[in-house]
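Here is the structure we will look at, set down as structure tokens.
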Amino acid sequence: MGRKLLLDKAHVENIRSYDVYRREGGYRSVEKALKTMSPDAITEEVKKSGLRGRGGAGFPTGMKWSFLAKPEGVPRYLVVNADESEPGTFKDRYLMEFIPHLLIEGMIVSSFALGSKVSYIYIRGEYAWIVDILEQAIQEAKNNGFLGKNIQGSGFDCEIYVHRGAGAYICGEETALIESLEGKRGNPRIKPPFPAVKGVWDCPTVVNNVETIAAVVPIINDGGEEYAKIGIGKSTGTKLISSCGNINKPGVYEIDMTISVEEFIYSDEYCGGIANGKKLKACIPGGSSVPILPANLLLKTAKGEKRMMTYEGLADGGFATGSMMGSGGFIVLDEDQCVVKHTYTLARFYRHESCGQCSPCREGTGWMEKILLNIDKGKGKMSDIDLLWDIQRKIEGNTICPLGDAAAWPVAAAIRHFRDEFEWHVLNPDESQRRNYGLAHYADALTVPA
Amino acid sequence: MAEEKKPLFKVTIDNITIEVEPGTSILMAARRIGGDVTPPAMCFYSKLEGSGGKCRTCLVEVSKGSEKDPRPMPKLVASCRTTVMDGMEVKNITSDKVLDARAGVVEFLLINHPLDCPICDQAGECHLQDLSYEHGKEGTRYEFRRRTFEKEDIGPYIQLHMTRCILCYRCTYVADQLTNSRVHGILDRGDHAEISTYISKAIENDFSGNMIDVCPVGALTDKTFRFKNRVWFTKPVDAHRDCPTCCGKVTLWNRGDEVLRVTSRKDQFGEVQSFDGKPGWICNTCRFDKKKMSDWVIEGPTKIARHSVISANHYVGATRPQETIAEVMGGRDPKLLMDIHAISDVNDPKVDLSEVKGAPTSATYEKTKKLS
């Protein structure tokens, strides 16, 4: 059994209510932080823990906090990014729905550390029912003196507001989120300036993922060093993974980052193996925007070592033979799935969600979608595959925000690893409409260079 | 209080070093150098706050961040929104990466842009035409239907043809920054995003016409000028009038004595010129209602500094051809030199073609001959 820090109490009956949460040891970190620690000491503790952003990029949280500009007389803000809209990622939803007080608790501590007197939860518009859950939790915390004026007699004031998004994936990008929070169109801003200097209403702002903020609670309770003991290397602590696709037990799992990908997929504690006795073909290990990997590269790295479920482990080999931890959306494809169709589905998503501000992403995502649809429908040409490669190359890195990269990477990885499947679609237009390419050699053992 | 002079930053663009004030963007520094070093800009407009960063045509490579932190920047950066640092080294046309990315951006901009230049009023002074000519590739790899929109009238004088729009956002900044009522913005997102008013309202303010001037393509056109003439056949004349609302300094685009269109005066980058440090935006009265020569005080022919089709036929920087007869005849004088006009009626130099109504015919010349 791996250690659980976040979802440990998630299934205690009525844990959503303040009384049960408090009885189970909730809000201890607030008392400890506000009464015995200084804001800088909390930041220091988070730095020690080695906690990395759980939203996708994996940037060290303590470092992010210490970058926050602190000019005199200017308010600072903490914004929790709950705009979880990536296909395949649903870990924050689980956390907020089942144990909302954990997020509120983490927010109070983090707000204290950052000096934010007004903090926001920017929540995905589709999570309408969770808004009610969170607002009730906030109200309960307020009634019990953990929010509002002079929290627990410490002299620290803090309010938390829940802000509903309007259903745009792009608002998960931190500057687009800030724009949207301010009531404007959710277009990403051009950086610099970064939110740490100019964020919400041009004030210094920290934007963190739900899980990151929730992880602050065990860090304060047990100390940063204790947290850092879990995991391998720079991947410390536990991570929520939302697994879906052709597996026996889809769902949200909390893993301590010491297990291998193979164990995660096949052990009964986690995904429980591939459904219906099929074979593993491919997997997207970190949410739809990270590169897809064929089975052989997923379970073993290019060096022939076991691939681990850590930031470094999943990224081993760079994009040539590796992928990314991303936001922890683990999408598993079995032998019956078509990578071309799958890539088309993702391309359609990114085309629909592009904000349309900068030209490579606006035009490129639509173009890629159309070409992929053609290939999928058996109307593709051989040159289309090279054209796709060229388009994604010209989008990647040339856009304002990472959505361009997120749209380009899945296409690039699919062509990189599954080119023969694309070619098969082009060469066998009729057959490709009747059956899938199948497992092919994607699960073959790797030839490891000596 | 004596203003302390800030030390200038040294920035090297394509191996040309220039000193600029701190806070200058790479693009503005490159414009100071001028020539090929200047990256093209479709969305950036130095007179509009917040513009830029969107079209990505001005991407450049920063090969050295600054004197203090010499690391190169990992990605290409939008030069219009990146400020210079002391000792920064920038590669524009000397970087293959930049040229490749720029060609890609041009291709992206063109895939959904209609090829209706022959009937587009902007043709000849279109930034996208220049851009694709200079940085694009011939032919397209796009094989799908282009996106189209219905034409829309925003106000009595302006037509929005969204199909041609490249979503540079310049016009929305004009509507935002020149006037205080905001009715104009972007609807939808992604490749189906469109510029519009909410909902299909007219933009009614004195300065709305400036949107036409800032539009880099033919998406916003002057309805008083639509389909009247090709811009390169019109004769630009600088003129001014005493206008109570704006600076009144304009360019008239004439055919003969007929004023076909009035625009603000533009500089070599296609931007509105500044007068006394203020951008010379003009009001709708000057632009749409004053279409008689008698309304204006003429200053003289406009020298078009921009490198585009409209600068053709205007003899900018023209030099007199060398006397060739002596040269081809080995230094001898010709024995007999005849003037073509002595024997031919056609092209009589006494006839001022600009004063002829309609196209000149042989009748035009016969008449003048009889008179003389």
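Letters A, B, ... go to the chains of the structure tokens in the order shown; residues in each chain start at 1; ligands are counted from 1 in the same order.
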
What are the residues of chain A that have an atom within 7 Å of an atom of chain B, counting only C-alpha atoms, as a list in words?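 Matching residues, ligands excluded from the count: Ile190, Arg351, His352, Glu353, Ser354, Cys355, Gly356, Gln357, Cys358, Ser359, Pro360, Arg362, Glu363, Gly364, Gly366, Lys394, Gly397 and Asn398 of chain A.
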
Atoms to include: N, CA and C atoms. Write the selected residues as a compact mmCIF listing (two decimals), in the first residue's frame.
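And here is the file that came out, again.txt:
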# COMPACT_ATOMS: atom_id res chain seq x y z
N ILE A 190 0.39 38.29 -22.72
CA ILE A 190 1.74 38.12 -23.23
C ILE A 190 2.71 38.32 -22.08
N ARG A 351 -8.54 22.40 -31.44
CA ARG A 351 -9.03 23.38 -32.41
C ARG A 351 -10.20 24.15 -31.80
N HIS A 352 -11.07 23.41 -31.13
CA HIS A 352 -12.24 24.04 -30.55
C HIS A 352 -11.88 24.95 -29.39
N GLU A 353 -10.80 24.62 -28.69
CA GLU A 353 -10.47 25.37 -27.49
C GLU A 353 -9.43 26.46 -27.70
N SER A 354 -8.85 26.53 -28.90
CA SER A 354 -7.89 27.60 -29.16
C SER A 354 -8.59 28.95 -29.01
N CYS A 355 -7.93 29.89 -28.36
CA CYS A 355 -8.62 31.16 -28.12
C CYS A 355 -8.68 32.01 -29.38
N GLY A 356 -7.80 31.73 -30.33
CA GLY A 356 -7.82 32.48 -31.58
C GLY A 356 -7.07 33.78 -31.54
N GLN A 357 -6.24 33.93 -30.54
CA GLN A 357 -5.51 35.18 -30.43
C GLN A 357 -4.28 35.20 -31.36
N CYS A 358 -3.46 34.18 -31.29
CA CYS A 358 -2.26 34.21 -32.13
C CYS A 358 -2.40 33.24 -33.31
N SER A 359 -1.84 33.65 -34.42
CA SER A 359 -2.15 32.96 -35.68
C SER A 359 -1.69 31.50 -35.77
N PRO A 360 -0.50 31.12 -35.28
CA PRO A 360 -0.12 29.72 -35.50
C PRO A 360 -1.11 28.74 -34.87
N ARG A 362 -4.33 29.44 -33.86
CA ARG A 362 -5.68 29.61 -34.40
C ARG A 362 -5.85 28.87 -35.73
N GLU A 363 -4.91 29.08 -36.63
CA GLU A 363 -5.05 28.49 -37.96
C GLU A 363 -4.50 27.07 -37.99
N GLY A 364 -3.41 26.85 -37.27
CA GLY A 364 -2.75 25.54 -37.33
C GLY A 364 -3.59 24.43 -36.75
N GLY A 366 -6.82 24.16 -36.57
CA GLY A 366 -7.91 23.82 -37.48
C GLY A 366 -7.43 23.03 -38.68
N LYS A 394 5.69 24.07 -36.71
CA LYS A 394 5.60 25.53 -36.81
C LYS A 394 4.68 26.13 -35.77
N GLY A 397 6.05 26.22 -29.78
CA GLY A 397 7.02 27.22 -29.35
C GLY A 397 6.81 28.59 -29.95
N ASN A 398 5.93 28.72 -30.94
CA ASN A 398 5.75 30.02 -31.58
C ASN A 398 4.48 30.73 -31.13

Where does DSSP see alpha helix (DSSP H) in range 157-354 of chain B, if you list the residues as number ranges by chain? B: 170-177, 210-214, 284, 325-328, 340-343

Generate a file of the selected residues that holds C-alpha atoms, formatted as a short mmCIF file (atom, residue, chain, number, x, y, z; two decimals), in the first residue's frame.
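Resulting contents of again25.cif:
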data_model
loop_
_atom_site.label_atom_id
_atom_site.label_comp_id
_atom_site.auth_asym_id
_atom_site.auth_seq_id
_atom_site.Cartn_x
_atom_site.Cartn_y
_atom_site.Cartn_z
CA ARG B 170 -5.97 46.57 -33.88
CA CYS B 171 -9.45 47.89 -34.63
CA THR B 172 -10.77 46.84 -31.26
CA TYR B 173 -7.97 48.80 -29.62
CA VAL B 174 -8.91 51.84 -31.69
CA ALA B 175 -12.50 51.53 -30.58
CA ASP B 176 -11.28 51.12 -27.02
CA GLN B 177 -8.64 53.76 -26.83
CA ASN B 210 -9.54 55.27 -37.96
CA MET B 211 -10.28 51.58 -37.75
CA ILE B 212 -9.99 51.53 -41.53
CA ASP B 213 -6.55 53.07 -41.36
CA VAL B 214 -5.21 50.61 -38.81
CA ASN B 284 -15.08 61.06 -39.47
CA ILE B 325 22.26 59.30 -77.62
CA ALA B 326 25.84 60.45 -77.48
CA GLU B 327 26.83 57.27 -75.74
CA VAL B 328 25.30 54.86 -78.24
CA ILE B 340 8.06 62.36 -82.34
CA HIS B 341 5.46 64.96 -81.46
CA ALA B 342 6.23 66.87 -84.64
CA ILE B 343 4.73 64.13 -86.72
#

Tyr27 in chain A environment, 12 Å, only C-alpha atoms, sequence neighbours closer than 5 positions dropped, as a ChimeraX atom specification: /A:18-22,32-34,101-109,141,144-147,151-152,214,216-218,220-221

Could you please take those selected residues and save N, CA and C atoms as a CSV table (one decimal), in the first residue's frame?
chain,number,residue,atom,x,y,z
A,18,TYR,N,-18.0,20.1,8.1
A,18,TYR,CA,-16.9,20.6,8.9
A,18,TYR,C,-16.7,19.8,10.1
A,19,ASP,N,-17.7,19.4,10.8
A,19,ASP,CA,-17.6,18.7,12.1
A,19,ASP,C,-16.8,17.4,11.9
A,20,VAL,N,-17.1,16.6,10.9
A,20,VAL,CA,-16.4,15.4,10.7
A,20,VAL,C,-15.0,15.6,10.3
A,21,TYR,N,-14.8,16.6,9.4
A,21,TYR,CA,-13.5,16.9,8.9
A,21,TYR,C,-12.6,17.4,10.1
A,22,ARG,N,-13.1,18.2,11.0
A,22,ARG,CA,-12.4,18.7,12.1
A,22,ARG,C,-12.1,17.6,13.1
A,32,LYS,N,-1.5,25.5,13.4
A,32,LYS,CA,-0.1,25.5,13.5
A,32,LYS,C,0.6,26.7,12.8
A,33,ALA,N,0.1,26.9,11.5
A,33,ALA,CA,0.7,27.9,10.7
A,33,ALA,C,0.5,29.3,11.3
A,34,LEU,N,-0.8,29.6,11.6
A,34,LEU,CA,-1.1,30.9,12.0
A,34,LEU,C,-0.5,31.3,13.4
A,101,HIS,N,-12.9,20.5,2.3
A,101,HIS,CA,-12.3,21.3,3.4
A,101,HIS,C,-10.8,21.2,3.3
A,102,LEU,N,-10.2,20.1,2.6
A,102,LEU,CA,-8.8,20.0,2.5
A,102,LEU,C,-8.3,21.2,1.6
A,103,LEU,N,-9.0,21.5,0.6
A,103,LEU,CA,-8.6,22.6,-0.3
A,103,LEU,C,-8.7,23.9,0.5
A,104,ILE,N,-9.8,24.1,1.2
A,104,ILE,CA,-10.0,25.4,1.9
A,104,ILE,C,-8.9,25.5,3.0
A,105,GLU,N,-8.6,24.4,3.6
A,105,GLU,CA,-7.5,24.5,4.6
A,105,GLU,C,-6.2,24.9,4.0
A,106,GLY,N,-5.9,24.2,2.9
A,106,GLY,CA,-4.6,24.5,2.2
A,106,GLY,C,-4.6,25.9,1.8
A,107,MET,N,-5.8,26.4,1.3
A,107,MET,CA,-5.8,27.8,0.9
A,107,MET,C,-5.6,28.8,2.0
A,108,ILE,N,-6.1,28.5,3.2
A,108,ILE,CA,-5.9,29.5,4.3
A,108,ILE,C,-4.5,29.6,4.6
A,109,VAL,N,-3.8,28.4,4.7
A,109,VAL,CA,-2.4,28.4,5.0
A,109,VAL,C,-1.6,29.1,3.9
A,141,ALA,N,-16.4,27.0,7.3
A,141,ALA,CA,-15.1,27.4,7.8
A,141,ALA,C,-15.2,28.8,8.4
A,144,ASN,N,-16.9,28.8,11.8
A,144,ASN,CA,-16.0,28.3,12.9
A,144,ASN,C,-14.7,29.1,13.0
A,145,GLY,N,-14.7,30.3,12.4
A,145,GLY,CA,-13.6,31.2,12.7
A,145,GLY,C,-12.3,30.9,11.9
A,146,PHE,N,-12.4,30.1,10.8
A,146,PHE,CA,-11.2,29.8,10.1
A,146,PHE,C,-11.1,30.7,8.8
A,147,LEU,N,-12.2,31.5,8.6
A,147,LEU,CA,-12.1,32.5,7.5
A,147,LEU,C,-12.8,33.7,8.0
A,151,ILE,N,-8.6,35.5,11.9
A,151,ILE,CA,-8.8,34.1,12.0
A,151,ILE,C,-8.1,33.5,13.2
A,152,GLN,N,-8.8,32.8,14.0
A,152,GLN,CA,-8.3,32.1,15.2
A,152,GLN,C,-7.5,33.1,16.1
A,214,ALA,N,-3.7,21.7,-1.9
A,214,ALA,CA,-4.1,20.7,-0.9
A,214,ALA,C,-2.9,20.0,-0.3
A,216,VAL,N,-0.2,21.3,0.5
A,216,VAL,CA,0.4,22.2,1.6
A,216,VAL,C,0.0,21.7,3.0
A,217,VAL,N,-1.2,21.2,3.1
A,217,VAL,CA,-1.7,20.8,4.4
A,217,VAL,C,-0.8,19.7,5.0
A,218,PRO,N,-0.6,18.6,4.4
A,218,PRO,CA,0.3,17.6,5.0
A,218,PRO,C,1.7,18.1,5.2
A,220,ILE,N,2.6,21.2,6.1
A,220,ILE,CA,2.6,21.9,7.3
A,220,ILE,C,2.4,21.0,8.5
A,221,ASN,N,1.5,20.1,8.4
A,221,ASN,CA,1.3,19.2,9.5
A,221,ASN,C,2.5,18.4,9.9

If I take CA of Ser267 in chain A and CA of Val290 in chain A, how far is one from the other in Å, to one decimal? 23.7 Å

Can you list, as a ChimeraX atom specification, all residues belonging to range 64-249 of chain A that DSSP tags as strand (DSSP E or B)? /A:76-82,116-123,148,158-164,205-209,231-232,235-236,238-245,247

Only C-alpha atoms, please: the residues just picked out, written as a PDB file, in the first residue's frame.
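In the end it all went to result.pdb:
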ATOM      1  CA  ARG A  76      -1.469  40.201  -3.274  1.00  0.00           C
ATOM      2  CA  TYR A  77      -3.698  37.402  -4.429  1.00  0.00           C
ATOM      3  CA  LEU A  78      -3.783  33.662  -4.363  1.00  0.00           C
ATOM      4  CA  VAL A  79      -5.807  32.084  -7.120  1.00  0.00           C
ATOM      5  CA  VAL A  80      -6.505  28.387  -7.114  1.00  0.00           C
ATOM      6  CA  ASN A  81      -6.767  26.977 -10.577  1.00  0.00           C
ATOM      7  CA  ALA A  82      -9.666  24.539 -10.522  1.00  0.00           C
ATOM      8  CA  SER A 116      -3.272  37.211   0.328  1.00  0.00           C
ATOM      9  CA  LYS A 117      -6.323  38.600   2.061  1.00  0.00           C
ATOM     10  CA  VAL A 118      -8.658  37.731  -0.763  1.00  0.00           C
ATOM     11  CA  SER A 119      -8.185  34.412  -2.469  1.00  0.00           C
ATOM     12  CA  TYR A 120     -10.095  32.937  -5.347  1.00  0.00           C
ATOM     13  CA  ILE A 121     -10.993  29.503  -6.557  1.00  0.00           C
ATOM     14  CA  TYR A 122     -11.460  29.706 -10.313  1.00  0.00           C
ATOM     15  CA  ILE A 123     -13.525  26.646 -11.023  1.00  0.00           C
ATOM     16  CA  GLY A 148     -13.085  36.090   7.712  1.00  0.00           C
ATOM     17  CA  CYS A 158      -8.797  36.123   4.683  1.00  0.00           C
ATOM     18  CA  GLU A 159     -11.772  35.665   2.417  1.00  0.00           C
ATOM     19  CA  ILE A 160     -12.206  32.998  -0.223  1.00  0.00           C
ATOM     20  CA  TYR A 161     -14.445  33.402  -3.237  1.00  0.00           C
ATOM     21  CA  VAL A 162     -15.438  30.778  -5.745  1.00  0.00           C
ATOM     22  CA  HIS A 163     -15.529  32.071  -9.305  1.00  0.00           C
ATOM     23  CA  ARG A 164     -17.167  29.988 -11.978  1.00  0.00           C
ATOM     24  CA  THR A 205      -0.604  36.924  -7.877  1.00  0.00           C
ATOM     25  CA  VAL A 206       0.180  33.266  -7.377  1.00  0.00           C
ATOM     26  CA  VAL A 207      -1.850  30.795  -9.395  1.00  0.00           C
ATOM     27  CA  ASN A 208      -1.667  27.214  -8.122  1.00  0.00           C
ATOM     28  CA  ASN A 209      -3.418  23.997  -8.914  1.00  0.00           C
ATOM     29  CA  GLY A 231       9.099   9.696  -3.664  1.00  0.00           C
ATOM     30  CA  ILE A 232      12.228   9.490  -5.768  1.00  0.00           C
ATOM     31  CA  SER A 235       9.567  13.941  -7.464  1.00  0.00           C
ATOM     32  CA  THR A 236       8.539  14.195  -3.859  1.00  0.00           C
ATOM     33  CA  THR A 238       2.157  11.867  -3.477  1.00  0.00           C
ATOM     34  CA  LYS A 239       0.395  12.543  -6.739  1.00  0.00           C
ATOM     35  CA  LEU A 240      -3.193  12.099  -7.753  1.00  0.00           C
ATOM     36  CA  ILE A 241      -3.523  10.204 -10.991  1.00  0.00           C
ATOM     37  CA  SER A 242      -6.847  10.024 -12.780  1.00  0.00           C
ATOM     38  CA  SER A 243      -6.737   6.929 -14.904  1.00  0.00           C
ATOM     39  CA  CYS A 244      -9.207   6.145 -17.625  1.00  0.00           C
ATOM     40  CA  GLY A 245      -9.506   4.263 -20.869  1.00  0.00           C
ATOM     41  CA  ILE A 247      -8.513  -0.526 -17.855  1.00  0.00           C
TER      42      ILE A 247
END

What does the distance between CA of Gly65 in chain B and CA of Val84 in chain B come to in Å, to one decimal place? 8.7 Å

Which residues, written as a list of chain:residue names, have at least one atom at most 6 Å from range 54-69 of chain A, with only C-alpha atoms counted and residues fewer than 4 positions away on the same chain left out? A:Thr43, A:Val46, A:Lys47, A:Ala196, A:Val197, A:Pro204, A:Asn209, A:Thr212, A:Gly326, A:Ser327

Using only C-alpha atoms, pick whichever of B:Arg255, B:Arg265, B:Lys357, B:Lys278 has the shortest atom-to-atom distance to Lys235 in chain B.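 Nearest to Lys235 in chain B: B:Arg255.
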
Can you list, as a PyMOL selection string, every protein, DNA or RNA residue that comes within 10 Å of Lys300 in chain A when you count only C-alpha atoms, leaving out same-chain residues fewer than 2 positions away? chain A and resi 260-262+295-298+302-308+313-314+316+321-322+445-446+448

Selected residues written out, N, CA and C atoms, as a compact mmCIF listing (two decimals), in the first residue's frame:
# COMPACT_ATOMS: atom_id res chain seq x y z
N SER A 260 6.34 1.88 -10.34
CA SER A 260 6.61 1.90 -11.78
C SER A 260 5.29 1.99 -12.55
N VAL A 261 5.39 2.36 -13.80
CA VAL A 261 4.21 2.46 -14.64
C VAL A 261 3.53 1.11 -14.77
N GLU A 262 4.36 0.07 -14.89
CA GLU A 262 3.84 -1.28 -15.03
C GLU A 262 2.98 -1.65 -13.82
N ALA A 295 3.26 0.99 -26.05
CA ALA A 295 3.40 0.16 -24.86
C ALA A 295 4.85 -0.12 -24.51
N ASN A 296 5.65 -0.44 -25.53
CA ASN A 296 7.02 -0.83 -25.20
C ASN A 296 7.83 0.31 -24.59
N LEU A 297 7.59 1.53 -25.07
CA LEU A 297 8.32 2.66 -24.50
C LEU A 297 7.70 3.13 -23.19
N LEU A 298 6.45 2.75 -22.97
CA LEU A 298 5.78 3.20 -21.75
C LEU A 298 6.30 2.41 -20.55
N ALA A 302 14.05 4.00 -22.95
CA ALA A 302 14.88 3.61 -24.09
C ALA A 302 16.13 2.89 -23.64
N LYS A 303 16.52 3.11 -22.38
CA LYS A 303 17.72 2.43 -21.87
C LYS A 303 17.39 1.02 -21.38
N GLY A 304 16.12 0.66 -21.43
CA GLY A 304 15.73 -0.68 -21.00
C GLY A 304 15.42 -0.77 -19.52
N GLU A 305 15.39 0.40 -18.85
CA GLU A 305 15.05 0.38 -17.43
C GLU A 305 13.54 0.48 -17.26
N LYS A 306 13.09 0.10 -16.07
CA LYS A 306 11.67 0.25 -15.75
C LYS A 306 11.31 1.71 -15.73
N ARG A 307 10.20 2.08 -16.37
CA ARG A 307 9.78 3.48 -16.31
C ARG A 307 9.00 3.71 -15.02
N MET A 308 9.37 4.75 -14.29
CA MET A 308 8.73 5.02 -13.01
C MET A 308 7.66 6.09 -13.15
N GLY A 313 10.85 10.13 -14.31
CA GLY A 313 10.69 8.82 -14.93
C GLY A 313 9.89 8.91 -16.21
N LEU A 314 8.76 9.62 -16.17
CA LEU A 314 7.91 9.72 -17.36
C LEU A 314 8.57 10.57 -18.43
N ASP A 316 11.75 10.63 -18.99
CA ASP A 316 13.03 10.03 -19.38
C ASP A 316 13.09 9.82 -20.90
N THR A 321 11.71 9.61 -26.82
CA THR A 321 11.25 8.31 -26.34
C THR A 321 10.48 8.42 -25.02
N GLY A 322 10.25 9.62 -24.54
CA GLY A 322 9.56 9.79 -23.27
C GLY A 322 8.32 10.64 -23.40
N ALA A 445 9.23 -6.10 -27.54
CA ALA A 445 10.32 -5.73 -26.64
C ALA A 445 11.27 -4.77 -27.35
N LEU A 446 11.81 -3.87 -26.59
CA LEU A 446 12.71 -2.88 -27.18
C LEU A 446 14.08 -3.49 -27.41
N VAL A 448 17.55 -2.76 -26.84
CA VAL A 448 18.26 -1.78 -26.03
C VAL A 448 19.67 -1.61 -26.56

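Closest approach to Cys247 in chain B among B:Arg287, B:Leu8, B:Leu260, B:Ser208 is made by B:Arg287 (distances from only C-alpha atoms).
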
All residues 10 Å or closer to Val20 in chain B, only C-alpha atoms, same chain fewer than 3 positions away omitted, as an MDAnalysis selection string: chainID B and resid 7:11 17 23:26 28:29 32 84:86

Would you mind exporting C-alpha atoms of the selected residues as a compact mmCIF listing (two decimals), in the first residue's frame?
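Resulting contents of again-v2.txt:
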# COMPACT_ATOMS: atom_id res chain seq x y z
CA PRO B 7 21.96 55.23 -19.56
CA LEU B 8 21.17 53.87 -22.99
CA PHE B 9 21.02 50.15 -23.71
CA LYS B 10 23.21 48.69 -26.39
CA VAL B 11 21.42 46.17 -28.52
CA THR B 17 24.54 47.76 -32.91
CA GLY B 23 12.03 50.00 -22.22
CA THR B 24 12.20 50.08 -26.00
CA SER B 25 10.96 46.92 -27.66
CA ILE B 26 13.21 44.96 -29.98
CA MET B 28 11.12 49.56 -32.23
CA ALA B 29 14.90 49.31 -31.93
CA ARG B 32 15.41 52.68 -35.74
CA VAL B 84 15.60 45.19 -24.98
CA MET B 85 18.23 44.51 -22.35
CA ASP B 86 21.68 45.98 -22.25

Of the residues B:Glu138, B:Asp295, B:Asp242, B:Glu152, which is the one nearest to Glu258 in chain B, using only C-alpha atoms?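 Among the listed residues, B:Asp295 lies closest to Glu258 in chain B.
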
Within 10 Å of Gln268 in chain B using only C-alpha atoms, minus same-chain residues under 3 positions, as an MDAnalysis selection string: chainID B and resid 31 34 271:273 303:308
